[in-house]
Amino acid sequence: MKLSDIMSSMQLSSYAEIALLLFFGAFVAVTASVFGRRDAGEWERRRRLPLDPGEGDSGTEGTAAP
Amino acid sequence: MKLEQFSYDDEIVRKFTFATILWALVATLVGLFIALELVLPGLSAGLPFLSFGRLRPLHTNAAIFAFAGNAVFAAVYYSSQRLLKTRMFSDRLSRIHFWGWQAIIVSAALTLPFGITQSKEYAELEWPIDIAIAVVWVVFAVNFFGTIARRRERHLFVALWFYIATIVTVALLHIFNNLVVPAGLFKSYSLYGGVQDAFMQWWYGHNAVAFFLTTPFLGLMYYFLPKAAERPVFSYKLSILHFWSLVFLYIWAGPHHLHYTSLPEWASTLGMLFSVMLWMPSWGGMINGLLTLRGAWHKVAEDPVLKFFVVGITFYGMATFEGPLLSIKSVNALSHYTDWTIAHVHAGALGWNGFMAFGMLYWLAPRLFQAELWSRRLCNLHFWLGTLGMLFYIVAIYAAGVTQGLMWRAFDETGRLMYPDFIETVVRILPMYWVRVLGGAMYVTGVGLCLTNLVMTWRRRPATYAVVVQQAAALHEPSGEPEPRVIVPRYPSMVRLGYQLQFFAEAAWHRVWERKPLRLTVWVTAAVVVASLFEMIPTFLIRENIPTISSVTPYTPLEVLGRDEYVAEGCYNCHSQMVRPIRAETERYGEYSKPGEFIYDHPFQWGSRRIGPDLHRIGGKFPYLWHVKHMEDPAGVTPGSIMPRYGWMLEAPADFASLQRRIDALLMLGVPYGNLIDRAEAVAHEQARQIAREIVEQGGPPGLEDKQIVALIAYLQRLGTDLMKEPPAPQAQPPLLAAVAAPAPLEPAPQATLPVSEGEAR
């Protein structure tokens, strides 16, 4: 018996719908978690990372070994 | 706290910057040339390597992998070093990556125009180049993840998550869509056949858009937009949602490219639903981008970089609204195979990818070349030329697409097709093609101005670039920020659960993941792999998805040769082979296509657009001589036709010598050619002689039996005819052996007359 015989007889017609629900559920969970209650200032440093003064464009000019 | 000193490798960013703009010019120039070919078909001058079918893949590959690809690498190399506060892991790997990628692009330019192609859209490159891509991608991945490992910033900024998703997913897509059995150095056959090949291709094709043209450009947006606007990202929460939604949802959406085809209905519906869901996170990202400019809108009027970014993000919003719209089946029934799709992809590519890349290049130029930008006026001129050029392009092509779709499905009051000759629908949209040429020319001119501006800025560079010395503490030094973790006391399980829920509800889990690149990468990979398997396993393993048809038999060796010529010429770029179960299509083309008809199609040739008519039921509709005349001079047979001339196929010899190798490769893929071991060439010659003889009898030229045209005609006359054949009797001789023993005309029997005035196909 081949794997395709087994799969074909498994009546997996609801397989796709289950997948859809699982992934939609994950999406809802992430949304709920991200927009849930928390300290408003918690993310501040992270959202400003590209603007961090030490992030790259400023510094001491000179020659440096790589 | 002990500070370490280091510097960034900007030389590699300079290299990728120049490569970006150079390839942008090449990609758009080739695009302009093929746009002109559609209104001036004689432009190819009968030269094979200038034909639309061969050059269109060069245009798409150059735009995606050369222009957008180099832009992505420039963005990754510049921003990752700064976000991670470290130099790239290895300068040598950076250089290998750069030169390796450019060599791959050059090899694409040297193979595609010569008909060396796998014929899978955006995955046309043949297997040796595919292996090179995989190797260079691994080099890039090692360099990138090595840089992360040596970082001095514990926290991974959102741009880096998008880069991680890109690196992981593109690797998976590339490897699994390009699994082939080689039949020589420049020829291979897809491991998958028919429906399964179509599924894999659009799993790849759509996610190439997602993970090569979207996620890395979102990384670019999240880094360079705040830098240019000097404002922080509007909402970090939204960026988390944006990221995970795209990772979870995008991978499912591929089947929406195959609505109403032979793909199983459930896969098509699933693709549609996930595509519609994608609208939410995509617009979340767009809003996050545009709102980052809060308090900085006054700068937009002054700063050309921000102008490019604003228009780019707006086009992202437009394209990601239109994508879900086009995935809805009823809309897709109208839009699919028309130029509407072409307008959609150009809104995304020219507007989103192009303008984000140009904005980044203009922002980088003064910093990389350590000189003021040569001309802001030229920069502004580029912006307006590009913006107006895009509008001319997409508005005209939207109009062309909707016109095509409506004309194809129009019935008159007697219930007959209102435009039964396909050529009527071609001629009607030619004025819009001219407007596209105008828009394209404006866009290309803008790219030329950008190149000029960058080169002139580069010429202002100092004699030696100053190297900025950076200082930062090593990662093992305490950062002062508390490590997010759950302190779970030894309480009963319900209390413990409460703590864990709090950990989740406060998204502390994500703070942990943002500091753990390996964990983040594993979860991204898991999301992509699991989603892919959910779709692939049923498609590949449930038999009812592809019911077998007893009368469907493998192609004869000569038909295989002709099919390979069809692939090499890129006929799929203009012709579909998929009659949808829609009345307007069955009236025009014949019986709708069945999944079981394609089981020997390695690779599938369903195509994605109809500049010319569908060809799945072309077999037997016209006599052999009609095909000879039509390939020699399409406009002579069908006045108004914009198909290029293929007169050289009447002179070029068919490659009979390699046929046995091709048949052997197909045999390895499970095509039942057991009776053709060591006999393929002889069988093919026999069928070729028979077709050539009939061509002469119909008044055609002699001496075609060893020419490419005979093989191609053999294939075209076979297309879609299996369904009409009687199934073989249980003990009957296998059809291939029968063909050798008593060569007979292909059925249905060709007509004797040449319907010169008739359309290309009904």
# chains A, B, ... in the order shown; residues from 1 in each chain; ligands from 1
$ select_by_dssp --residues "stretch 5-168 of chain B" --states "alpha helix (DSSP H)" --output "PyMOL selection string"
chain B and resi 11-39+52-61+69-84+91-111+127-149+158-168
$ residues_around --residues "B:Arg82" --least-positions-apart "6" --cutoff "12 Å" --atoms "only C-alpha atoms" --output "ChimeraX atom specification"
/A:49-59 /B:6-10,75-76,88,147-148,151-153,156-157,159-160,223-224,227,468,470-472
$ residues_around --residues "stretch 420-436 of chain B" --least-positions-apart "6" --cutoff "8 Å" --atoms "only C-alpha atoms" --output "NGL selection string"
:B and (35-36 or 38-39 or 392-394 or 396-397 or 399-400 or 403-404 or 407-408 or 588 or 611-613 or 638 or 640-641 or 758-762)
$ write_last_selection --atoms "C-alpha atoms" --output "PDB file, in the first residue's frame"
ATOM      1  CA  ALA B  35       6.949  46.840 -24.713  1.00  0.00           C
ATOM      2  CA  LEU B  36       7.927  48.300 -28.083  1.00  0.00           C
ATOM      3  CA  LEU B  38       4.311  44.426 -28.777  1.00  0.00           C
ATOM      4  CA  VAL B  39       3.440  47.414 -30.931  1.00  0.00           C
ATOM      5  CA  PHE B 392       0.834  56.509 -17.728  1.00  0.00           C
ATOM      6  CA  TYR B 393       1.951  52.898 -17.660  1.00  0.00           C
ATOM      7  CA  ILE B 394      -0.503  51.447 -15.189  1.00  0.00           C
ATOM      8  CA  ALA B 396      -3.189  52.458 -19.786  1.00  0.00           C
ATOM      9  CA  ILE B 397      -2.544  48.823 -18.946  1.00  0.00           C
ATOM     10  CA  ALA B 399      -7.646  49.896 -19.280  1.00  0.00           C
ATOM     11  CA  ALA B 400      -6.115  47.339 -21.647  1.00  0.00           C
ATOM     12  CA  THR B 403     -10.970  45.770 -22.098  1.00  0.00           C
ATOM     13  CA  GLN B 404      -9.411  42.386 -22.901  1.00  0.00           C
ATOM     14  CA  MET B 407     -14.132  41.411 -24.838  1.00  0.00           C
ATOM     15  CA  TRP B 408     -13.156  37.795 -24.226  1.00  0.00           C
ATOM     16  CA  ARG B 588     -13.842  30.077 -27.880  1.00  0.00           C
ATOM     17  CA  ILE B 611      -1.207  38.162 -25.382  1.00  0.00           C
ATOM     18  CA  GLY B 612      -2.184  35.489 -27.898  1.00  0.00           C
ATOM     19  CA  PRO B 613      -4.954  32.875 -27.622  1.00  0.00           C
ATOM     20  CA  THR B 638      -3.601  36.582 -39.272  1.00  0.00           C
ATOM     21  CA  GLY B 640      -2.890  42.408 -37.259  1.00  0.00           C
ATOM     22  CA  SER B 641      -1.044  39.681 -35.362  1.00  0.00           C
ATOM     23  CA  GLU B 758      -9.314  33.241 -40.205  1.00  0.00           C
ATOM     24  CA  GLY B 759      -8.219  34.404 -36.759  1.00  0.00           C
ATOM     25  CA  GLU B 760      -5.248  32.859 -35.012  1.00  0.00           C
ATOM     26  CA  ALA B 761      -7.609  30.519 -33.220  1.00  0.00           C
ATOM     27  CA  ARG B 762     -11.196  30.674 -32.162  1.00  0.00           C
TER      28      ARG B 762
END
$ atom_distance --atom1 "atom CA of B:His59" --atom2 "atom CA of B:Leu125"
12.8 Å
$ residues_around --residues "stretch 291-306 of chain B" --least-positions-apart "5" --cutoff "10 Å" --atoms "only C-alpha atoms" --output "PyMOL selection string"
chain B and resi 222+224-226+228-235+285-286+311-312+355-356+358-364+376-383
$ closest_residue --among "B:Met280, B:Ile287, B:Val530, B:Ala466" --to "A:Phe27" --atoms "only C-alpha atoms"
B:Met280
$ residues_around --residues "stretch 715-721 of chain B" --least-positions-apart "6" --cutoff "7 Å" --atoms "only C-alpha atoms" --output "list in words"
Glu559, Gly562, Arg563, His616, Arg617, Ile618, Gly619 and Gly620 of chain B
$ atom_distance --atom1 "atom CA of B:Phe212" --atom2 "atom CA of B:Ile167"
8.9 Å
$ select_by_dssp --residues "stretch 74-284 of chain B" --states "strand (DSSP E or B)" --output "MDAnalysis selection string"
chainID B and resid 180:182 188:190
$ write_last_selection --atoms "C-alpha atoms" --output "JSON list (two decimals), in the first residue's frame"
[["chain", "number", "residue", "atom", "x", "y", "z"],
["B", 180, "VAL", "CA", 14.79, 18.89, -11.56],
["B", 181, "VAL", "CA", 16.28, 15.95, -13.39],
["B", 182, "PRO", "CA", 19.01, 17.23, -15.74],
["B", 188, "SER", "CA", 16.31, 19.76, -17.30],
["B", 189, "TYR", "CA", 12.82, 18.57, -16.48],
["B", 190, "SER", "CA", 10.90, 19.55, -13.39]]
$ closest_residue --among "A:Leu21, A:Glu44, A:Ser33, A:Tyr15" --to "chain B" --atoms "only C-alpha atoms"
A:Ser33
$ residues_around --residues "B:Arg150" --least-positions-apart "5" --cutoff "9 Å" --atoms "only C-alpha atoms" --output "PyMOL selection string"
chain B and resi 84-89+145+474-475
$ write_last_selection --atoms "all heavy atoms" --output "PDB file, in the first residue's frame"
ATOM      1  N   LEU B  84      23.128  46.275  14.453  1.00  0.00           N
ATOM      2  CA  LEU B  84      23.746  45.268  15.316  1.00  0.00           C
ATOM      3  C   LEU B  84      25.039  45.771  15.950  1.00  0.00           C
ATOM      4  O   LEU B  84      25.680  45.058  16.708  1.00  0.00           O
ATOM      5  CB  LEU B  84      24.028  44.001  14.498  1.00  0.00           C
ATOM      6  CG  LEU B  84      22.776  43.325  13.915  1.00  0.00           C
ATOM      7  CD1 LEU B  84      23.158  42.264  12.890  1.00  0.00           C
ATOM      8  CD2 LEU B  84      21.943  42.708  15.024  1.00  0.00           C
ATOM      9  N   LYS B  85      25.410  46.997  15.561  1.00  0.00           N
ATOM     10  CA  LYS B  85      26.628  47.619  16.095  1.00  0.00           C
ATOM     11  C   LYS B  85      27.859  46.719  15.920  1.00  0.00           C
ATOM     12  O   LYS B  85      28.626  46.464  16.852  1.00  0.00           O
ATOM     13  CB  LYS B  85      26.451  47.975  17.574  1.00  0.00           C
ATOM     14  CG  LYS B  85      25.469  49.123  17.815  1.00  0.00           C
ATOM     15  CD  LYS B  85      25.594  49.614  19.245  1.00  0.00           C
ATOM     16  CE  LYS B  85      24.772  50.862  19.487  1.00  0.00           C
ATOM     17  NZ  LYS B  85      23.334  50.625  19.530  1.00  0.00           N
ATOM     18  N   THR B  86      28.038  46.238  14.724  1.00  0.00           N
ATOM     19  CA  THR B  86      29.219  45.424  14.432  1.00  0.00           C
ATOM     20  C   THR B  86      29.481  45.443  12.933  1.00  0.00           C
ATOM     21  O   THR B  86      28.584  45.728  12.153  1.00  0.00           O
ATOM     22  CB  THR B  86      29.026  43.966  14.907  1.00  0.00           C
ATOM     23  OG1 THR B  86      30.236  43.249  14.729  1.00  0.00           O
ATOM     24  CG2 THR B  86      27.922  43.256  14.153  1.00  0.00           C
ATOM     25  N   ARG B  87      30.723  45.171  12.572  1.00  0.00           N
ATOM     26  CA  ARG B  87      31.054  45.024  11.155  1.00  0.00           C
ATOM     27  C   ARG B  87      30.486  43.697  10.664  1.00  0.00           C
ATOM     28  O   ARG B  87      30.208  42.799  11.468  1.00  0.00           O
ATOM     29  CB  ARG B  87      32.583  45.030  11.009  1.00  0.00           C
ATOM     30  CG  ARG B  87      33.086  45.246   9.605  1.00  0.00           C
ATOM     31  CD  ARG B  87      34.603  45.251   9.605  1.00  0.00           C
ATOM     32  NE  ARG B  87      35.145  45.393   8.268  1.00  0.00           N
ATOM     33  CZ  ARG B  87      35.391  46.560   7.692  1.00  0.00           C
ATOM     34  NH1 ARG B  87      35.150  47.695   8.333  1.00  0.00           N
ATOM     35  NH2 ARG B  87      35.891  46.611   6.464  1.00  0.00           N
ATOM     36  N   MET B  88      30.333  43.561   9.346  1.00  0.00           N
ATOM     37  CA  MET B  88      29.843  42.289   8.825  1.00  0.00           C
ATOM     38  C   MET B  88      30.779  41.172   9.286  1.00  0.00           C
ATOM     39  O   MET B  88      31.978  41.378   9.462  1.00  0.00           O
ATOM     40  CB  MET B  88      29.770  42.303   7.289  1.00  0.00           C
ATOM     41  CG  MET B  88      28.663  43.156   6.695  1.00  0.00           C
ATOM     42  SD  MET B  88      26.993  42.844   7.298  1.00  0.00           S
ATOM     43  CE  MET B  88      26.675  41.176   6.742  1.00  0.00           C
ATOM     44  N   PHE B  89      30.222  40.001   9.399  1.00  0.00           N
ATOM     45  CA  PHE B  89      30.945  38.852   9.914  1.00  0.00           C
ATOM     46  C   PHE B  89      32.249  38.623   9.158  1.00  0.00           C
ATOM     47  O   PHE B  89      33.301  38.364   9.754  1.00  0.00           O
ATOM     48  CB  PHE B  89      30.033  37.625   9.791  1.00  0.00           C
ATOM     49  CG  PHE B  89      30.667  36.326  10.163  1.00  0.00           C
ATOM     50  CD1 PHE B  89      31.072  36.078  11.474  1.00  0.00           C
ATOM     51  CD2 PHE B  89      30.855  35.335   9.208  1.00  0.00           C
ATOM     52  CE1 PHE B  89      31.649  34.869  11.816  1.00  0.00           C
ATOM     53  CE2 PHE B  89      31.431  34.123   9.544  1.00  0.00           C
ATOM     54  CZ  PHE B  89      31.831  33.894  10.855  1.00  0.00           C
ATOM     55  N   PHE B 145      23.946  35.815   9.446  1.00  0.00           N
ATOM     56  CA  PHE B 145      23.734  35.241  10.783  1.00  0.00           C
ATOM     57  C   PHE B 145      25.019  35.317  11.614  1.00  0.00           C
ATOM     58  O   PHE B 145      24.973  35.436  12.842  1.00  0.00           O
ATOM     59  CB  PHE B 145      23.210  33.803  10.679  1.00  0.00           C
ATOM     60  CG  PHE B 145      21.764  33.748  10.258  1.00  0.00           C
ATOM     61  CD1 PHE B 145      21.402  33.321   8.992  1.00  0.00           C
ATOM     62  CD2 PHE B 145      20.759  34.155  11.115  1.00  0.00           C
ATOM     63  CE1 PHE B 145      20.073  33.298   8.590  1.00  0.00           C
ATOM     64  CE2 PHE B 145      19.424  34.133  10.731  1.00  0.00           C
ATOM     65  CZ  PHE B 145      19.085  33.705   9.461  1.00  0.00           C
ATOM     66  N   ALA B 474      30.605  45.294  24.455  1.00  0.00           N
ATOM     67  CA  ALA B 474      30.357  43.928  23.977  1.00  0.00           C
ATOM     68  C   ALA B 474      29.032  43.437  24.543  1.00  0.00           C
ATOM     69  O   ALA B 474      28.540  43.950  25.548  1.00  0.00           O
ATOM     70  CB  ALA B 474      31.493  43.021  24.397  1.00  0.00           C
ATOM     71  N   LEU B 475      28.483  42.435  23.868  1.00  0.00           N
ATOM     72  CA  LEU B 475      27.149  41.982  24.250  1.00  0.00           C
ATOM     73  C   LEU B 475      27.105  41.392  25.646  1.00  0.00           C
ATOM     74  O   LEU B 475      26.089  41.451  26.332  1.00  0.00           O
ATOM     75  CB  LEU B 475      26.663  40.933  23.233  1.00  0.00           C
ATOM     76  CG  LEU B 475      25.167  40.712  23.174  1.00  0.00           C
ATOM     77  CD1 LEU B 475      24.435  41.999  22.869  1.00  0.00           C
ATOM     78  CD2 LEU B 475      24.855  39.659  22.128  1.00  0.00           C
TER      79      LEU B 475
END
$ closest_residue --among "B:Val469, B:Leu290, B:Leu32, B:Leu388" --to "chain A" --atoms "only C-alpha atoms"
B:Val469
$ atom_distance --atom1 "atom CA of B:Asp130" --atom2 "atom CA of B:Asn178"
7.3 Å
$ closest_residue --among "B:Gly446, B:Ala473, B:Tyr204, B:Val195" --to "B:Glu4" --atoms "only C-alpha atoms"
B:Ala473
